[in-house]
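The structure appears below as structure tokens.
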Amino acid sequence: MTNSAPWMTRLGLQHPLIQAPMAGTSTPQLAAAVSNVGALGSVGIGAYGLEQAHQHIAQTQALSSRALNVNLFCHQQPTADAQREAAWLHYLAPEFARFGAQPPAGLRCIYESALGNTALQAMVLQLRPAVVSFHFGLPEQSFIDALRASGIVTLACATSLAEARQIEQAGVDVIVAQGMEAGGHRGAFVPETDLLLGTMALVRLLARECSLPVVAAGGIMDGNGIAAALQLGACAVQMGTAFILCPESAASPAYRAELQSEKALHTGITPAISGRPARGMFNRLHQLGLDYGQPLPAYPMVYDAGKALHQAASAQGSSDYAAHWAGQGAALARAMPAAELVHTLAQELAQALKSPTV
């Protein structure tokens, strides 16, 4: 399972495979295990404060001397809307009451963006991971330029041709083409204008229209899926849901159990968990969002309420409000150590490429 894309050769990758960053689910142990067997392990630090993010990256670097991808959220700062926030909290109050809890008095912006975040940017430049990737948009041009001047490979997520062209113009090295099959939050720059393109259509479009190498992401779960993406012009794939059942991930027992149940066949996209559309296994918050019928507060403000509700419920043994993100291929997930999964995918890909049907 080899690929000759120059950026991959530069990083010493033996497999055209990136383990998706999955903020909150990826761990230093998962990323290091993937990197140590020749694929690209990733850590997502968008949900962490500066000190925890530093620890996360440094711990991963201590576990592996191979290339590491550090993923940054580049969302716009939310605009506070007291009326929307109060209305959403009022709507959720009966759900909190089911567990003897009160909703928070207000909603906080719990995740900082990398945009304009000079302390975060300086920390990343100091630790110098081999790869830095961007989600929800792009940071300032000066930061992109500083990363590249430091010899760091840059990736950015695109969900449309327009976003891919912005990535090209910014001088980023690689485009991650993320289709609507993907689990969790897709990297749309402006979610309200998301075209919801599927992975294969998006990969083929970007491979034809863009000069940058393209990585396919969304719904890819096995070697046959990797082979299909490569045939359509991708140089590699990014897989997230496939790694959730690895023992090295931070997925909870309830998360793992759902992913190995009938629930894995029923994923849906909802903004009601975080304020941005994201795909996960259908739960109570999905239904509440469908029934709400009013504009939600901004991302990540909604997340503050969702996390508080999940905390109240989980204290009483309920995971009805958990953010169990999963892509459309969730039912194909396999429980095995990360290194074994990479080797299995390599074998499947080699076999698929030999098959006359691919």
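In the structure tokens, chains take letters A, B, ... by order of appearance, with residues numbered from 1 within each chain and ligands from 1 in the order shown.
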
A:Leu72 surroundings by only C-alpha atoms, 9 Å radius, close-in-sequence under 4 positions cut, as a PyMOL selection string: chain A and resi 44-46+113-114+132-136

Could you dump the residues just selected with all heavy atoms as a PDB file, in the first residue's frame?
```pdb
ATOM      1  N   GLY A  44      -6.937  16.211  16.997  1.00  0.00           N
ATOM      2  CA  GLY A  44      -7.736  17.423  16.852  1.00  0.00           C
ATOM      3  C   GLY A  44      -7.701  18.198  18.154  1.00  0.00           C
ATOM      4  O   GLY A  44      -8.062  17.666  19.205  1.00  0.00           O
ATOM      5  N   ILE A  45      -7.260  19.451  18.112  1.00  0.00           N
ATOM      6  CA  ILE A  45      -7.125  20.231  19.347  1.00  0.00           C
ATOM      7  C   ILE A  45      -8.142  21.368  19.425  1.00  0.00           C
ATOM      8  O   ILE A  45      -8.062  22.215  20.311  1.00  0.00           O
ATOM      9  CB  ILE A  45      -5.697  20.788  19.508  1.00  0.00           C
ATOM     10  CG1 ILE A  45      -5.321  21.735  18.346  1.00  0.00           C
ATOM     11  CG2 ILE A  45      -4.686  19.642  19.611  1.00  0.00           C
ATOM     12  CD1 ILE A  45      -4.022  22.480  18.570  1.00  0.00           C
ATOM     13  N   GLY A  46      -9.124  21.366  18.520  1.00  0.00           N
ATOM     14  CA  GLY A  46     -10.086  22.462  18.478  1.00  0.00           C
ATOM     15  C   GLY A  46     -10.951  22.575  19.718  1.00  0.00           C
ATOM     16  O   GLY A  46     -11.491  23.646  19.999  1.00  0.00           O
ATOM     17  N   SER A 113     -11.397  29.641  18.295  1.00  0.00           N
ATOM     18  CA  SER A 113     -10.948  29.437  16.921  1.00  0.00           C
ATOM     19  C   SER A 113      -9.450  29.712  16.818  1.00  0.00           C
ATOM     20  O   SER A 113      -8.885  30.461  17.630  1.00  0.00           O
ATOM     21  CB  SER A 113     -11.716  30.386  15.989  1.00  0.00           C
ATOM     22  OG  SER A 113     -11.222  30.293  14.669  1.00  0.00           O
ATOM     23  N   ALA A 114      -8.815  29.109  15.824  1.00  0.00           N
ATOM     24  CA  ALA A 114      -7.413  29.426  15.544  1.00  0.00           C
ATOM     25  C   ALA A 114      -7.282  30.773  14.842  1.00  0.00           C
ATOM     26  O   ALA A 114      -6.186  31.337  14.785  1.00  0.00           O
ATOM     27  CB  ALA A 114      -6.796  28.330  14.683  1.00  0.00           C
ATOM     28  N   VAL A 132      -0.049  20.362   9.608  1.00  0.00           N
ATOM     29  CA  VAL A 132      -1.117  21.115  10.265  1.00  0.00           C
ATOM     30  C   VAL A 132      -2.274  21.207   9.282  1.00  0.00           C
ATOM     31  O   VAL A 132      -2.080  21.559   8.109  1.00  0.00           O
ATOM     32  CB  VAL A 132      -0.670  22.528  10.693  1.00  0.00           C
ATOM     33  CG1 VAL A 132      -1.858  23.361  11.168  1.00  0.00           C
ATOM     34  CG2 VAL A 132       0.374  22.441  11.802  1.00  0.00           C
ATOM     35  N   SER A 133      -3.482  20.863   9.751  1.00  0.00           N
ATOM     36  CA  SER A 133      -4.655  20.910   8.882  1.00  0.00           C
ATOM     37  C   SER A 133      -5.694  21.863   9.455  1.00  0.00           C
ATOM     38  O   SER A 133      -5.745  22.107  10.661  1.00  0.00           O
ATOM     39  CB  SER A 133      -5.248  19.506   8.703  1.00  0.00           C
ATOM     40  OG  SER A 133      -5.612  18.928   9.941  1.00  0.00           O
ATOM     41  N   PHE A 134      -6.536  22.394   8.557  1.00  0.00           N
ATOM     42  CA  PHE A 134      -7.529  23.405   8.928  1.00  0.00           C
ATOM     43  C   PHE A 134      -8.933  22.898   8.645  1.00  0.00           C
ATOM     44  O   PHE A 134      -9.197  22.269   7.617  1.00  0.00           O
ATOM     45  CB  PHE A 134      -7.296  24.695   8.130  1.00  0.00           C
ATOM     46  CG  PHE A 134      -5.876  25.176   8.147  1.00  0.00           C
ATOM     47  CD1 PHE A 134      -5.174  25.345   6.961  1.00  0.00           C
ATOM     48  CD2 PHE A 134      -5.224  25.451   9.342  1.00  0.00           C
ATOM     49  CE1 PHE A 134      -3.857  25.789   6.960  1.00  0.00           C
ATOM     50  CE2 PHE A 134      -3.903  25.890   9.358  1.00  0.00           C
ATOM     51  CZ  PHE A 134      -3.221  26.059   8.160  1.00  0.00           C
ATOM     52  N   HIS A 135      -9.851  23.206   9.565  1.00  0.00           N
ATOM     53  CA  HIS A 135     -11.242  22.794   9.466  1.00  0.00           C
ATOM     54  C   HIS A 135     -12.132  24.007   9.671  1.00  0.00           C
ATOM     55  O   HIS A 135     -11.809  24.877  10.491  1.00  0.00           O
ATOM     56  CB  HIS A 135     -11.532  21.742  10.545  1.00  0.00           C
ATOM     57  CG  HIS A 135     -12.601  20.763  10.190  1.00  0.00           C
ATOM     58  ND1 HIS A 135     -12.536  19.950   9.080  1.00  0.00           N
ATOM     59  CD2 HIS A 135     -13.774  20.441  10.801  1.00  0.00           C
ATOM     60  CE1 HIS A 135     -13.609  19.175   9.032  1.00  0.00           C
ATOM     61  NE2 HIS A 135     -14.386  19.463  10.058  1.00  0.00           N
ATOM     62  N   PHE A 136     -13.243  24.094   8.965  1.00  0.00           N
ATOM     63  CA  PHE A 136     -14.212  25.200   9.037  1.00  0.00           C
ATOM     64  C   PHE A 136     -13.713  26.465   8.354  1.00  0.00           C
ATOM     65  O   PHE A 136     -14.249  27.542   8.570  1.00  0.00           O
ATOM     66  CB  PHE A 136     -14.579  25.567  10.479  1.00  0.00           C
ATOM     67  CG  PHE A 136     -15.159  24.455  11.306  1.00  0.00           C
ATOM     68  CD1 PHE A 136     -14.919  24.400  12.668  1.00  0.00           C
ATOM     69  CD2 PHE A 136     -15.952  23.472  10.732  1.00  0.00           C
ATOM     70  CE1 PHE A 136     -15.457  23.377  13.449  1.00  0.00           C
ATOM     71  CE2 PHE A 136     -16.499  22.450  11.506  1.00  0.00           C
ATOM     72  CZ  PHE A 136     -16.243  22.413  12.867  1.00  0.00           C
TER      73      PHE A 136
END
```

Do you have, as a Markdown table, the list of residues of stretch 105-193 of chain A lying at most 9 Å from stretch 295-308 of chain A, each with its nearest atom pair and that distance in Å to one decimal, counting only C-alpha atoms and ordered by chain then number?
```
| residue | atom | partner | partner_atom | distance |
| --- | --- | --- | --- | --- |
| A:Gly106 | CA | A:Ala305 | CA | 8.6 |
| A:Leu107 | CA | A:Met301 | CA | 5.5 |
| A:Arg108 | CA | A:Met301 | CA | 5.5 |
| A:Cys109 | CA | A:Met301 | CA | 5.1 |
| A:Ile110 | CA | A:Pro300 | CA | 6.4 |
| A:Tyr111 | CA | A:Pro300 | CA | 6.4 |
| A:Glu112 | CA | A:Pro300 | CA | 9.0 |
```

Keeping N, CA and C atoms, export the residues of the selection given above as a short mmCIF file (atom, residue, chain, number, x, y, z; two decimals), in the first residue's frame.
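Result went into out.cif, see below:
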```
data_model
loop_
_atom_site.label_atom_id
_atom_site.label_comp_id
_atom_site.auth_asym_id
_atom_site.auth_seq_id
_atom_site.Cartn_x
_atom_site.Cartn_y
_atom_site.Cartn_z
N GLY A 106 -26.82 30.84 30.92
CA GLY A 106 -26.51 31.42 29.61
C GLY A 106 -25.58 30.49 28.86
N LEU A 107 -25.29 30.82 27.61
CA LEU A 107 -24.45 29.99 26.77
C LEU A 107 -23.09 30.65 26.55
N ARG A 108 -22.05 29.85 26.66
CA ARG A 108 -20.69 30.35 26.48
C ARG A 108 -20.11 29.86 25.15
N CYS A 109 -19.11 30.58 24.66
CA CYS A 109 -18.36 30.13 23.49
C CYS A 109 -17.24 29.22 24.01
N ILE A 110 -17.48 27.92 23.99
CA ILE A 110 -16.58 27.00 24.70
C ILE A 110 -15.37 26.58 23.87
N TYR A 111 -15.38 26.81 22.55
CA TYR A 111 -14.24 26.44 21.72
C TYR A 111 -13.67 27.69 21.06
N GLU A 112 -12.39 27.92 21.25
CA GLU A 112 -11.74 29.04 20.59
C GLU A 112 -11.33 28.66 19.17
#
```

Selection: 9 Å around A:Gln178, only C-alpha atoms, excl. self and same-chain fewer than 3 positions, as a ChimeraX atom specification: /A:157-160,181-182,186-188,197-199,202-203,215-218,238

Expected file contents, prior selection, N, CA and C atoms, as a compact mmCIF listing (two decimals), in the first residue's frame:
```
# COMPACT_ATOMS: atom_id res chain seq x y z
N CYS A 157 -9.68 21.45 4.64
CA CYS A 157 -10.89 20.73 4.26
C CYS A 157 -11.75 21.57 3.33
N ALA A 158 -12.24 20.94 2.25
CA ALA A 158 -13.15 21.59 1.31
C ALA A 158 -14.37 20.71 1.12
N THR A 159 -15.54 21.33 1.07
CA THR A 159 -16.77 20.59 0.79
C THR A 159 -17.38 21.03 -0.55
N SER A 160 -16.67 21.90 -1.27
CA SER A 160 -17.16 22.38 -2.57
C SER A 160 -15.98 22.85 -3.40
N GLU A 181 -21.20 12.28 3.47
CA GLU A 181 -21.28 11.01 4.19
C GLU A 181 -20.49 11.04 5.50
N ALA A 182 -19.61 12.03 5.65
CA ALA A 182 -18.67 12.05 6.77
C ALA A 182 -19.36 12.21 8.11
N ARG A 186 -18.56 18.53 9.33
CA ARG A 186 -17.82 18.71 8.09
C ARG A 186 -17.21 20.11 8.06
N GLY A 187 -16.23 20.28 7.20
CA GLY A 187 -15.45 21.51 7.23
C GLY A 187 -15.98 22.65 6.40
N ALA A 188 -17.26 22.69 6.13
CA ALA A 188 -17.83 23.77 5.31
C ALA A 188 -17.45 25.13 5.88
N LEU A 197 -22.45 17.87 -1.15
CA LEU A 197 -21.93 16.99 -2.18
C LEU A 197 -21.42 15.70 -1.56
N GLY A 198 -21.64 14.58 -2.26
CA GLY A 198 -21.13 13.30 -1.81
C GLY A 198 -19.63 13.18 -2.04
N THR A 199 -18.98 12.28 -1.32
CA THR A 199 -17.53 12.16 -1.37
C THR A 199 -17.02 11.87 -2.78
N LEU A 202 -17.47 14.78 -5.22
CA LEU A 202 -16.59 15.90 -4.85
C LEU A 202 -15.14 15.58 -5.19
N VAL A 203 -14.69 14.37 -4.89
CA VAL A 203 -13.31 14.00 -5.19
C VAL A 203 -13.04 14.10 -6.69
N VAL A 215 -7.26 14.60 -1.06
CA VAL A 215 -7.49 13.49 -0.14
C VAL A 215 -9.00 13.30 0.00
N ALA A 216 -9.48 12.08 -0.14
CA ALA A 216 -10.92 11.79 -0.06
C ALA A 216 -11.31 11.49 1.39
N ALA A 217 -12.44 12.07 1.83
CA ALA A 217 -12.92 11.84 3.19
C ALA A 217 -14.43 11.76 3.20
N GLY A 218 -14.96 10.81 3.98
CA GLY A 218 -16.40 10.69 4.14
C GLY A 218 -16.95 9.35 3.69
N GLN A 238 -8.91 9.97 4.03
CA GLN A 238 -8.96 10.26 5.46
C GLN A 238 -10.15 9.51 6.04
```

Which residue of A:Pro103, A:Gly38, A:Gly240, A:Gly137 approaches A:Tyr91 most closely, using only C-alpha atoms: A:Pro103

Interatomic distance, atom CA of A:Gly268 to atom CA of A:Phe282 (Å, one decimal):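 According to the coordinates, atom CA of A:Gly268 and atom CA of A:Phe282 are separated by 5.7 Å.
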
Distance of atom CA of A:Arg279 from atom CA of A:Leu40, expressed in Å to one decimal place: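 If I compute the distance from atom CA of A:Leu40 to atom CA of A:Arg279, I get 23.4 Å.
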
Picked from stretch 251-327 of chain A by DSSP as alpha helix (DSSP H), as a ChimeraX atom specification: /A:253-259,284-292,301-314

Spatial neighbours of A:Trp325, 6 Å, only C-alpha atoms, chain gap at least 6 places, as a ChimeraX atom specification: /A:183-184,279-280
